[in-house]
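To keep things clear, I will list the structure first and then write my remarks on it.
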Amino acid sequence: MSDSKLEETVWIVTDDTLEVPIEGKRGWGEEVQQRVLAAKKISVTELETRMSHFLGVVNRLFCQAEAQAAQLPTAKPGMKLDEIELAIEITGGGEIKLIAGGKAEAKGAIKLKFKRVS
């Protein structure tokens, strides 16, 4: 075994939907789709770096939003943000993406829940 450190990797399985032209489509303008699974290896170090960057951006956004909300004329004393739940997706290229709305459930997103420690 060599002295060089083996880089740790994780497999990312993606679920992409592709339009496949099929002769004899049913209905008027109905799209025929095929789901394709693909797997790619991603460096754990790279994934950690990207996740750290993403979480840093999210932290800055919510700190800024909380500070601005406290300055509103209608702000109630003692009122503060207590909990945040986000849905994210890791792409086959290792990108971290925030998923909005109902798409999170449909895509099988990873849920991150942050709760303020008292």
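Going through the structure tokens in order, the chains are called A, B, and so on, while each chain numbers its residues from 1 and the ligands are numbered from 1 in the order shown.
Neighbours of segment 42-56 of chain A closer than or equal to 7 Å, with only C-alpha atoms counted and sequence neighbours fewer than 5 positions away skipped, come out as Glu8, Thr9, Val10, Trp11, Ile12, Gly94 and Ile96 of chain A.
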Based on the backbone DSSP call, show me all residues of segment 35-105 of chain A assigned strand (DSSP E or B), as a PyMOL selection string. chain A and resi 35-43+83-90+96-98
What does the distance between atom CA of Ala87 of chain A and atom CA of Ala100 of chain A come to in Å, to one decimal place?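 One can read the atom CA of Ala87 of chain A to atom CA of Ala100 of chain A distance as 7.4 Å.
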Nearest residue to Ala39 of chain A from the set A:Ala70, A:Ile88, A:Val13, A:Val58 (distances using only C-alpha atoms):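 Answer, going by the shortest atom-to-atom distance: A:Val13.
Residue nearest Asp15 of chain A, chosen from A:Ala109, A:Leu86, A:Glu66, A:Gln71 and counting only C-alpha atoms: A:Ala109.
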Which is closest to Gly92 of chain A among A:Ala75, A:Ala67, A:Ala38, A:Val117, if we use only C-alpha atoms?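 Closest to Gly92 of chain A of all the choices is A:Ala38.
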Excluding segment 76-82 of chain A and its own-chain neighbours fewer than 3 positions away, which residues fall within 12 Å of it when counting only C-alpha atoms? Please give them as a ChimeraX atom specification. /A:62-73,85,113-118
